[in-house]
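What's in work-v7.txt: compact mmCIF, C-alpha atoms
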```txt
# COMPACT_ATOMS: atom_id res chain seq x y z
CA MET A 1045 -63.82 -31.09 -23.06
CA LYS A 1046 -60.64 -32.58 -24.50
CA LYS A 1047 -59.48 -29.08 -25.47
CA VAL A 1048 -59.95 -27.80 -21.92
CA PHE A 1049 -58.04 -30.79 -20.55
CA PHE A 1050 -55.06 -30.20 -22.86
CA MET A 1051 -55.11 -26.49 -22.07
CA LEU A 1052 -55.02 -27.20 -18.34
CA LEU A 1053 -52.29 -29.78 -18.84
CA SER A 1054 -50.08 -27.40 -20.81
CA ILE A 1055 -50.59 -24.60 -18.27
CA GLY A 1056 -49.66 -27.08 -15.54
CA LEU A 1057 -46.50 -28.10 -17.39
CA ILE A 1058 -45.47 -24.47 -17.94
CA VAL A 1059 -45.97 -23.68 -14.26
CA LEU A 1060 -43.99 -26.79 -13.34
CA ALA A 1061 -41.16 -25.80 -15.71
CA LEU A 1062 -41.05 -22.26 -14.24
CA VAL A 1063 -40.89 -23.58 -10.70
CA ALA A 1064 -38.17 -26.04 -11.62
CA CYS A 1065 -36.05 -23.31 -13.22
CA GLN A 1066 -36.42 -20.92 -10.27
CA PRO A 1067 -32.91 -20.26 -8.93
CA THR A 1068 -32.74 -21.22 -5.30
CA ALA A 1069 -29.96 -20.14 -2.90
CA PRO A 1070 -28.10 -23.29 -1.95
CA ALA A 1071 -28.79 -24.42 1.55
CA GLY A 1072 -25.61 -23.79 3.53
CA PRO A 1073 -22.56 -21.70 2.69
CA GLN A 1074 -21.20 -21.31 -0.83
CA ILE A 1075 -17.62 -20.03 -1.03
CA GLU A 1076 -16.05 -18.34 -4.05
CA ILE A 1077 -12.43 -17.18 -4.03
CA SER A 1078 -11.02 -14.80 -6.62
CA GLY A 1079 -8.12 -12.50 -7.37
CA ALA A 1080 -5.56 -14.35 -5.26
CA TRP A 1081 -2.09 -12.82 -5.40
CA GLY A 1082 1.07 -12.62 -3.36
CA ARG A 1083 3.81 -10.10 -2.85
CA PRO A 1084 7.36 -10.81 -4.10
CA SER A 1085 9.55 -11.50 -1.08
CA PRO A 1086 12.66 -9.44 -0.37
CA LEU A 1087 14.40 -12.31 1.45
CA ALA A 1088 14.96 -15.91 0.39
CA GLU A 1089 14.43 -17.18 3.93
CA GLY A 1090 12.10 -14.44 5.06
CA ASN A 1091 8.35 -14.08 5.09
CA GLY A 1092 5.70 -13.39 2.50
CA ALA A 1093 2.07 -12.37 2.28
CA ALA A 1094 -0.88 -13.28 0.05
CA TYR A 1095 -4.25 -11.68 -0.51
CA MET A 1096 -7.61 -12.58 -2.11
CA LEU A 1097 -11.34 -11.94 -2.15
CA ILE A 1098 -13.49 -14.53 -0.38
CA GLU A 1099 -17.23 -14.40 -1.12
CA ASN A 1100 -20.00 -16.40 0.44
CA THR A 1101 -22.95 -16.55 -1.95
CA GLY A 1102 -24.73 -19.18 0.13
CA SER A 1103 -27.34 -18.90 2.82
CA ALA A 1104 -25.25 -19.86 5.86
CA ASP A 1105 -22.11 -18.41 7.45
CA ASP A 1106 -18.74 -20.09 7.13
CA LYS A 1107 -15.30 -19.42 8.54
CA LEU A 1108 -11.80 -19.67 7.13
CA ILE A 1109 -9.98 -21.60 9.84
CA SER A 1110 -6.56 -22.37 8.41
CA ALA A 1111 -4.19 -21.88 5.52
CA ALA A 1112 -1.31 -24.06 4.38
CA SER A 1113 1.29 -23.87 1.66
CA ASP A 1114 4.46 -25.70 0.72
CA VAL A 1115 6.43 -22.49 0.03
CA SER A 1116 7.12 -21.88 3.70
CA GLU A 1117 7.70 -23.58 7.05
CA ALA A 1118 4.41 -22.24 8.35
CA THR A 1119 1.39 -20.42 6.95
CA GLU A 1120 -0.79 -18.32 9.24
CA ILE A 1121 -3.74 -15.95 9.05
CA HIS A 1122 -2.83 -12.48 10.28
CA ASP A 1123 -4.60 -9.20 10.78
CA MET A 1124 -3.39 -5.74 11.64
CA THR A 1125 -4.66 -2.50 13.01
CA MET A 1126 -3.47 1.05 12.53
CA GLU A 1127 -4.17 3.37 15.43
CA ASN A 1128 -2.54 6.78 15.81
CA ASP A 1129 -0.16 5.77 13.01
CA ILE A 1130 0.96 2.75 15.05
CA MET A 1131 0.84 -0.54 13.18
CA LYS A 1132 0.04 -3.65 15.19
CA MET A 1133 0.08 -7.04 13.52
CA PHE A 1134 -1.15 -10.27 15.10
CA LYS A 1135 -2.15 -13.84 14.32
CA ILE A 1136 -5.88 -14.60 14.21
CA ASP A 1137 -7.76 -17.89 14.58
CA GLY A 1138 -9.79 -17.44 11.45
CA ILE A 1139 -11.96 -15.14 9.37
CA ASP A 1140 -15.77 -15.25 9.46
CA ILE A 1141 -17.31 -15.17 6.00
CA PRO A 1142 -20.98 -14.27 6.55
CA ALA A 1143 -23.77 -15.60 4.33
CA GLY A 1144 -24.22 -13.25 1.37
CA GLY A 1145 -21.10 -11.35 2.41
CA SER A 1146 -17.44 -11.14 1.46
CA VAL A 1147 -14.10 -10.43 3.05
CA GLU A 1148 -11.17 -9.00 1.14
CA LEU A 1149 -7.70 -9.95 2.28
CA LYS A 1150 -5.57 -6.98 1.25
CA PRO A 1151 -2.42 -4.99 2.13
CA GLY A 1152 -2.81 -3.12 5.40
CA SER A 1153 -5.54 -5.53 6.49
CA LYS A 1154 -6.11 -9.27 6.89
CA HIS A 1155 -3.64 -11.44 5.02
CA ILE A 1156 -2.24 -14.93 4.66
CA MET A 1157 1.32 -14.94 5.96
CA PHE A 1158 4.07 -17.29 4.78
CA ILE A 1159 6.64 -17.68 7.53
CA GLY A 1160 10.10 -19.07 6.90
CA LEU A 1161 10.08 -19.21 3.09
CA HIS A 1162 12.00 -22.04 1.42
CA GLY A 1163 13.04 -19.59 -1.31
CA LYS A 1164 12.30 -16.15 -2.71
CA LEU A 1165 8.82 -15.53 -4.06
CA GLU A 1166 9.51 -14.15 -7.52
CA ILE A 1167 7.22 -12.18 -9.83
CA GLY A 1168 5.25 -14.54 -12.10
CA GLN A 1169 5.52 -17.51 -9.73
CA ILE A 1170 2.27 -19.32 -8.86
CA VAL A 1171 1.82 -20.36 -5.24
CA THR A 1172 -0.77 -22.93 -4.20
CA ILE A 1173 -2.53 -22.15 -0.93
CA ASP A 1174 -4.75 -24.75 0.73
CA LEU A 1175 -7.49 -23.06 2.67
CA GLU A 1176 -9.75 -24.81 5.11
CA PHE A 1177 -13.24 -23.64 5.93
CA GLU A 1178 -15.18 -24.75 8.99
CA LYS A 1179 -18.16 -26.11 7.04
CA LEU A 1180 -17.12 -26.49 3.40
CA GLY A 1181 -13.71 -27.97 4.11
CA LYS A 1182 -10.71 -27.58 1.83
CA PHE A 1183 -10.22 -25.19 -1.08
CA SER A 1184 -7.07 -25.00 -3.15
CA VAL A 1185 -6.25 -21.51 -4.43
CA LYS A 1186 -3.55 -20.45 -6.90
CA ALA A 1187 -1.98 -17.08 -6.12
CA GLU A 1188 0.17 -15.22 -8.62
CA ILE A 1189 3.22 -13.42 -7.25
CA ARG A 1190 3.16 -9.84 -8.51
CA GLU A 1191 3.77 -6.24 -7.48
CA PRO A 1192 0.75 -4.74 -5.66
CA MET B 215 -21.28 42.93 -57.18
CA THR B 216 -20.10 45.91 -55.14
CA ASN B 217 -23.32 45.80 -53.21
CA LEU B 218 -22.78 42.13 -52.45
CA GLU B 219 -19.16 42.72 -51.31
CA THR B 220 -20.20 45.52 -48.97
CA GLU B 221 -22.88 43.27 -47.58
CA THR B 222 -20.46 40.41 -46.84
CA ALA B 223 -18.00 42.85 -45.32
CA GLN B 224 -20.74 44.24 -43.13
CA LYS B 225 -21.84 40.71 -42.17
CA ARG B 226 -18.28 39.60 -41.41
CA SER B 227 -17.37 42.47 -39.18
CA PRO B 228 -19.60 41.51 -36.20
CA LEU B 229 -18.34 37.91 -36.55
CA VAL B 230 -14.74 39.10 -36.42
CA THR B 231 -15.57 41.23 -33.38
CA ILE B 232 -17.08 38.21 -31.63
CA GLY B 233 -14.04 36.15 -32.62
CA ILE B 234 -11.63 38.68 -31.17
CA ALA B 235 -13.73 38.91 -28.01
CA VAL B 236 -13.71 35.12 -27.58
CA VAL B 237 -9.94 34.87 -28.10
CA GLY B 238 -9.38 37.81 -25.77
CA LEU B 239 -11.55 36.39 -22.99
CA THR B 240 -9.91 32.98 -23.29
CA LEU B 241 -6.46 34.56 -22.99
CA LEU B 242 -7.57 36.63 -20.02
CA GLY B 243 -9.00 33.52 -18.37
CA ALA B 244 -5.82 31.57 -18.97
CA ILE B 245 -3.72 34.36 -17.49
CA GLY B 246 -6.09 34.54 -14.52
CA ILE B 247 -5.88 30.80 -13.82
CA PHE B 248 -2.11 30.88 -14.17
CA ALA B 249 -1.86 33.84 -11.77
CA LEU B 250 -4.15 32.14 -9.24
CA LYS B 251 -2.08 28.95 -9.42
CA ALA B 252 1.14 30.87 -8.96
CA LEU B 253 -0.26 32.78 -5.98
CA ARG B 254 -1.98 29.88 -4.24
CA PRO B 255 0.31 28.26 -1.62
CA TYR B 256 1.47 24.73 -2.40
CA ALA B 257 -0.72 22.12 -0.68
CA PHE B 258 1.47 19.39 0.80
CA HIS B 259 0.32 15.77 0.71
CA GLY B 260 2.21 15.03 3.93
CA VAL B 261 1.42 16.51 7.34
CA VAL B 262 3.35 19.77 7.71
CA LEU B 263 5.15 20.44 11.01
CA GLN B 264 4.07 24.00 11.76
CA SER B 265 7.38 24.85 13.42
CA PRO B 266 10.08 22.80 11.69
CA ARG B 267 12.77 21.78 14.16
CA PRO B 268 16.32 20.58 13.59
CA ALA B 269 16.30 16.78 13.24
CA GLN B 270 18.24 15.18 16.10
CA ASP B 271 21.50 13.77 14.80
CA PHE B 272 22.37 10.08 15.07
CA THR B 273 25.06 7.64 14.00
CA LEU B 274 24.25 3.99 13.28
CA ILE B 275 25.73 1.12 11.26
CA ASN B 276 24.41 0.68 7.72
CA GLN B 277 23.82 -2.56 5.81
CA TYR B 278 27.31 -2.29 4.29
CA GLY B 279 28.88 -2.41 7.75
CA GLN B 280 29.92 1.27 7.73
CA SER B 281 28.74 3.99 10.05
CA SER B 282 26.19 6.50 8.77
CA THR B 283 25.51 9.86 10.43
CA LEU B 284 22.37 11.81 9.61
CA SER B 285 24.13 15.20 9.48
CA ASP B 286 26.47 13.87 6.76
CA TYR B 287 23.44 13.99 4.48
CA GLN B 288 22.77 17.73 4.83
CA GLY B 289 22.21 19.10 1.36
CA LYS B 290 19.90 16.17 0.61
CA ALA B 291 16.32 15.57 1.64
CA VAL B 292 16.22 12.52 3.93
CA LEU B 293 13.18 10.26 4.18
CA LEU B 294 13.36 8.46 7.51
CA TYR B 295 11.36 5.32 8.29
CA PHE B 296 11.34 2.98 11.28
CA GLY B 297 10.49 -0.60 10.30
CA TYR B 298 11.72 -4.18 10.43
CA VAL B 299 12.37 -7.04 8.09
CA THR B 300 9.94 -9.59 9.58
CA CYS B 301 7.06 -7.17 8.95
CA PRO B 302 5.51 -8.71 5.81
CA ASP B 303 2.92 -6.15 4.85
CA VAL B 304 3.23 -2.53 5.97
CA CYS B 305 7.02 -2.21 5.67
CA PRO B 306 7.34 -3.61 2.12
CA THR B 307 4.35 -1.51 1.05
CA THR B 308 5.99 1.64 2.41
CA LEU B 309 9.42 0.84 0.93
CA ALA B 310 7.80 0.11 -2.45
CA GLU B 311 6.11 3.55 -2.39
CA LEU B 312 9.41 5.21 -1.45
CA LYS B 313 11.04 3.40 -4.37
CA LYS B 314 8.27 4.68 -6.67
CA ALA B 315 8.88 8.20 -5.37
CA THR B 316 12.64 8.11 -6.03
CA ASP B 317 12.06 6.58 -9.48
CA LEU B 318 9.67 9.43 -10.32
CA LEU B 319 12.29 11.99 -9.27
CA GLY B 320 14.72 10.66 -11.89
CA ALA B 321 18.09 12.42 -11.72
CA GLN B 322 16.88 14.53 -8.78
CA SER B 323 16.73 11.40 -6.66
CA ASP B 324 20.47 12.06 -6.13
CA ASP B 325 19.29 14.83 -3.79
CA VAL B 326 17.28 12.35 -1.71
CA GLN B 327 18.42 9.69 0.79
CA ILE B 328 16.05 7.01 2.06
CA MET B 329 16.87 5.59 5.51
CA MET B 330 15.19 2.75 7.36
CA ILE B 331 16.10 2.31 11.02
CA THR B 332 15.24 -1.17 12.27
CA VAL B 333 12.98 -1.44 15.31
CA ASP B 334 14.06 -5.09 15.59
CA PRO B 335 17.82 -4.87 16.22
CA GLU B 336 17.87 -8.40 17.68
CA ARG B 337 16.82 -10.05 14.41
CA ASP B 338 17.80 -7.50 11.76
CA THR B 339 21.52 -7.96 11.29
CA VAL B 340 23.62 -6.00 8.82
CA GLU B 341 23.57 -9.00 6.45
CA ILE B 342 19.79 -9.43 6.58
CA LEU B 343 19.26 -5.69 6.01
CA ALA B 344 21.61 -5.81 3.02
CA GLU B 345 19.65 -8.62 1.37
CA TYR B 346 16.31 -7.04 2.27
CA LEU B 347 17.06 -3.55 0.94
CA ALA B 348 18.72 -4.88 -2.22
CA HIS B 349 15.23 -6.06 -3.18
CA PHE B 350 13.98 -2.45 -3.14
CA ASP B 351 17.00 -0.30 -3.91
CA PRO B 352 20.60 -0.83 -2.74
CA SER B 353 20.95 2.95 -2.30
CA PHE B 354 18.35 2.89 0.50
CA LEU B 355 20.21 2.79 3.80
CA GLY B 356 19.23 0.20 6.41
CA LEU B 357 20.48 1.20 9.84
CA VAL B 358 21.13 -0.89 12.95
CA GLY B 359 22.46 -0.17 16.41
CA THR B 360 22.11 -1.48 19.93
CA PRO B 361 18.54 -1.74 21.28
CA ASP B 362 19.32 1.21 23.58
CA GLU B 363 20.62 3.41 20.76
CA ILE B 364 17.57 2.67 18.65
CA ALA B 365 15.16 3.25 21.53
CA GLN B 366 16.80 6.65 22.15
CA ILE B 367 16.58 7.72 18.49
CA ALA B 368 12.95 6.56 18.25
CA THR B 369 12.08 8.61 21.36
CA ASN B 370 13.79 11.66 19.86
CA TYR B 371 11.61 11.34 16.78
CA GLY B 372 8.37 10.53 18.62
CA ILE B 373 8.34 6.99 17.22
CA PHE B 374 6.66 4.28 19.29
CA PHE B 375 7.72 0.66 19.05
CA GLN B 376 7.13 -2.32 21.27
CA LYS B 377 7.83 -6.02 21.06
CA GLN B 378 4.65 -8.05 21.19
CA GLU B 379 4.76 -11.74 22.08
CA THR B 380 2.33 -13.69 19.86
CA ASP B 381 1.29 -17.31 19.38
CA SER B 382 2.58 -17.02 15.81
CA VAL B 383 5.59 -19.19 14.94
CA LEU B 384 7.33 -15.84 14.38
CA GLY B 385 7.63 -15.53 18.12
CA TYR B 386 7.40 -11.82 18.69
CA LEU B 387 6.19 -9.08 16.37
CA VAL B 388 6.94 -5.39 16.75
CA ASP B 389 4.19 -2.81 16.92
CA HIS B 390 5.57 0.40 15.50
CA THR B 391 4.72 3.85 14.22
CA ALA B 392 4.51 3.43 10.45
CA THR B 393 4.97 7.02 9.28
CA VAL B 394 7.73 8.35 7.03
CA MET B 395 9.44 11.60 8.06
CA LEU B 396 10.95 14.12 5.70
CA ILE B 397 14.07 15.97 6.85
CA ASP B 398 14.88 18.80 4.47
CA GLN B 399 18.27 19.62 2.92
CA ASN B 400 19.03 21.98 5.85
CA GLY B 401 18.47 19.26 8.43
CA TYR B 402 15.00 20.35 9.55
CA LEU B 403 12.16 17.92 10.20
CA ARG B 404 9.45 19.25 7.89
CA LEU B 405 6.82 16.67 6.92
CA ILE B 406 5.26 13.44 8.11
CA PHE B 407 3.69 10.99 5.66
CA PRO B 408 1.09 8.65 7.17
CA TYR B 409 1.11 4.98 6.16
CA GLY B 410 -0.47 4.59 2.74
CA THR B 411 0.78 7.86 1.21
CA GLN B 412 1.39 7.12 -2.46
CA GLY B 413 4.83 7.41 -4.07
CA ASP B 414 3.78 10.15 -6.52
CA ALA B 415 2.44 12.31 -3.67
CA ILE B 416 5.70 11.84 -1.75
CA ALA B 417 7.71 12.73 -4.89
CA GLU B 418 5.74 15.98 -5.37
CA ASP B 419 6.36 17.04 -1.78
CA ILE B 420 10.07 16.20 -2.03
CA LEU B 421 10.35 18.29 -5.20
CA TYR B 422 8.67 21.26 -3.52
CA VAL B 423 10.89 21.00 -0.43
CA LEU B 424 14.06 20.73 -2.56
CA ASP B 425 13.08 23.82 -4.58
CA HIS B 426 12.10 26.03 -1.63
```

Starting from the file, give its structure as structure tokens.
Amino acid sequence: MKKVFFMLLSIGLIVLALVACQPTAPAGPQIEISGAWGRPSPLAEGNGAAYMLIENTGSADDKLISAASDVSEATEIHDMTMENDIMKMFKIDGIDIPAGGSVELKPGSKHIMFIGLHGKLEIGQIVTIDLEFEKLGKFSVKAEIREP
Amino acid sequence: MTNLETETAQKRSPLVTIGIAVVGLTLLGAIGIFALKALRPYAFHGVVLQSPRPAQDFTLINQYGQSSTLSDYQGKAVLLYFGYVTCPDVCPTTLAELKKATDLLGAQSDDVQIMMITVDPERDTVEILAEYLAHFDPSFLGLVGTPDEIAQIATNYGIFFQKQETDSVLGYLVDHTATVMLIDQNGYLRLIFPYGTQGDAIAEDILYVLDH
């Protein structure tokens, strides 16, 4: 009888341990940002652009709503389209990052735009970009200035 | 001993025959591939204008404050691009690919002239163009003129551009055709490279145009 009890107890503990170790998707969004980089700027007082991969490994959508940096007067989120070889660029309010999805900011697509640089962005320089998400709040990202 | 020698000789001879056959076939194949390559027409990376037409001449002011006339560059291949300095993404990408192309051409890049005509003559002054193009290559020409002159040249080349008011702190942005045109050494418009064409592809096409 004692043997059976201990056997049941150990099986119970194993089951409990397995359940406890089960990876569970976090409730809500989970943002991961990687590969942030920026383009060297041709002009000291001109504009610049930065790019990165934003992944949402969580179970709820989130949205990038603003970007800020101290390298320029203003930092905006821009997108562009190419239709019939005509490039149109425009400011956007934000970028939706769907649950389980990702958005790549890249040349010829969505990008962070530095407007009115305080100085040239030189190769090797590291630029800090403060991103704000609707639900998860602020993320600080370091972008390396390099050739594409 | 003699028997053995004859035997090896007899055994070797079919091997030698096979060897000769293999070498022969390989040579024949190589010649065939070479002939096919030589006969096959060159496939351009850019879009070929089926009936090349003389490129309309123009005179504008370059970033060094001097006037530049397109026809002065006959004898060189001219790569013509319409862009503007405030453009942070497409224009630098294109200029960087053009720089790659001229670097790949080495000494033959002397036979090539890159020109960027600004579609933002209000903001792109001679001084700003000088600083901007120095970042890529000071031999690239940045050209400005009055808004009317630039509009006329763009129309001649089928280039669309339009100021677009935005809520960005930039004020306005300029939508524009982002292709690069190749004018050959005889002054004929020959090829159009869509946005995103890589520098090595552009270099190959330039080389072919210069040699033919």

Give me, as an MDAnalysis selection string, all polymer residues having an atom no more than 8 Å from stretch 325-330 of chain B, counting all atoms listed in the file and skipping those fewer than 2 positions away in the same chain. chainID B and resid 287 289:297 312 316 322:323 332 353:357 424

Contact set, chain B to chain A: 6 Å, all atoms listed in the file, as a list in words: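 Filtering chain B at 6 Å from chain A with all atoms listed in the file gives Pro302, Tyr346, His349, Ser382, Asp389, His390, Thr391 and Ala392 of chain B.
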
Would you save the residues from that selection as an mmCIF file, in the frame of the given file, using C-alpha atoms?
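The resulting file, selection-v7.cif, is shown below:
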```cif
data_model
loop_
_atom_site.group_PDB
_atom_site.id
_atom_site.type_symbol
_atom_site.label_atom_id
_atom_site.label_comp_id
_atom_site.auth_asym_id
_atom_site.auth_seq_id
_atom_site.Cartn_x
_atom_site.Cartn_y
_atom_site.Cartn_z
ATOM 1 C CA PRO B 302 5.510 -8.710 5.810
ATOM 2 C CA TYR B 346 16.310 -7.040 2.270
ATOM 3 C CA HIS B 349 15.230 -6.060 -3.180
ATOM 4 C CA SER B 382 2.580 -17.020 15.810
ATOM 5 C CA ASP B 389 4.190 -2.810 16.920
ATOM 6 C CA HIS B 390 5.570 0.400 15.500
ATOM 7 C CA THR B 391 4.720 3.850 14.220
ATOM 8 C CA ALA B 392 4.510 3.430 10.450
#
```

Which residue of A:Leu1097, A:Met1051, A:Leu1180, A:Ile1109 approaches A:Ser1146 most closely, using all atoms listed in the file: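 With all atoms listed in the file as the atom set, the closest residue is A:Leu1097.
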
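Residues lying at most 10 Å from (-13.1, -17.3, 9.9) in file coordinates, with all atoms listed in the file considered, are Asp1105, Asp1106, Lys1107, Leu1108, Ile1109, Ser1110, Ile1121, Ile1136, Asp1137, Gly1138, Ile1139, Asp1140, Ile1141, Pro1142, Val1147, Glu1176, Phe1177 and Glu1178 of chain A.
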
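Of note, atom CA of B:Ser281 and atom CA of B:Gln378 are spaced 29.1 Å apart.
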
Please identify all polymer residues within 6 Å of B:Gln277, counting only C-alpha atoms, omitting same-chain residues fewer than 3 positions from it, and present them as number ranges by chain. B: 340, 343-344, 356

May I have the residues within 12 Å of stretch 264-272 of chain B as number ranges by chain, using all atoms listed in the file and disregarding those fewer than 2 positions away in the same chain? B: 261-262, 274-275, 281-288, 291-294, 329, 331, 357-359, 363-372, 395-406

Excluding A:Pro1073 and any residue of its chain fewer than 2 positions from it, enumerate the residues within 8 Å of it, using all atoms listed in the file, and give them as a VMD selection string. chain A and resid 1070 to 1071 1075 1100 to 1106 1143 1179 to 1180

Write out, as a compact mmCIF listing (two decimals), keeping the file's coordinate frame, the residues just selected, with C-alpha atoms.
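What follows is the written file part_31.txt:
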```txt
# COMPACT_ATOMS: atom_id res chain seq x y z
CA PRO A 1070 -28.10 -23.29 -1.95
CA ALA A 1071 -28.79 -24.42 1.55
CA ILE A 1075 -17.62 -20.03 -1.03
CA ASN A 1100 -20.00 -16.40 0.44
CA THR A 1101 -22.95 -16.55 -1.95
CA GLY A 1102 -24.73 -19.18 0.13
CA SER A 1103 -27.34 -18.90 2.82
CA ALA A 1104 -25.25 -19.86 5.86
CA ASP A 1105 -22.11 -18.41 7.45
CA ASP A 1106 -18.74 -20.09 7.13
CA ALA A 1143 -23.77 -15.60 4.33
CA LYS A 1179 -18.16 -26.11 7.04
CA LEU A 1180 -17.12 -26.49 3.40
```

How many Å separate atom CA of B:Gly243 from atom CA of B:Leu229?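 So the two atoms, atom CA of B:Gly243 and atom CA of B:Leu229, lie 20.9 Å apart.
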
Residue contacts of B:Leu387 (7 Å, all atoms listed in the file) excluding same-chain residues fewer than 5 positions away, as a ChimeraX atom specification: /B:377-380

How many Å lie between atom CA of B:Val299 and atom CA of B:Thr393, rounded to one decimal? 15.9 Å

B:Pro352, B:Cys301, B:Ala321, B:Glu311: which is nearest B:Arg337, counting all atoms listed in the file?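 Using all atoms listed in the file, the shortest distance to B:Arg337 belongs to B:Cys301.
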
If you take every atom of stretch 1136-1140 of chain A that the file lists and fit an axis-aligned box around them with 8 Å extra on each side, what centre and edge lengths come out in Å to one decimal, as AutoDock Vina command-line options?
```
--center_x -10.8 --center_y -16.2 --center_z 12.0 --size_x 25.9 --size_y 19.3 --size_z 21.2
```

Looking at B:Lys313, B:Thr231, B:Gly238, B:Cys305, which one is nearest to B:Asp414, with distances taken over only C-alpha atoms? B:Lys313
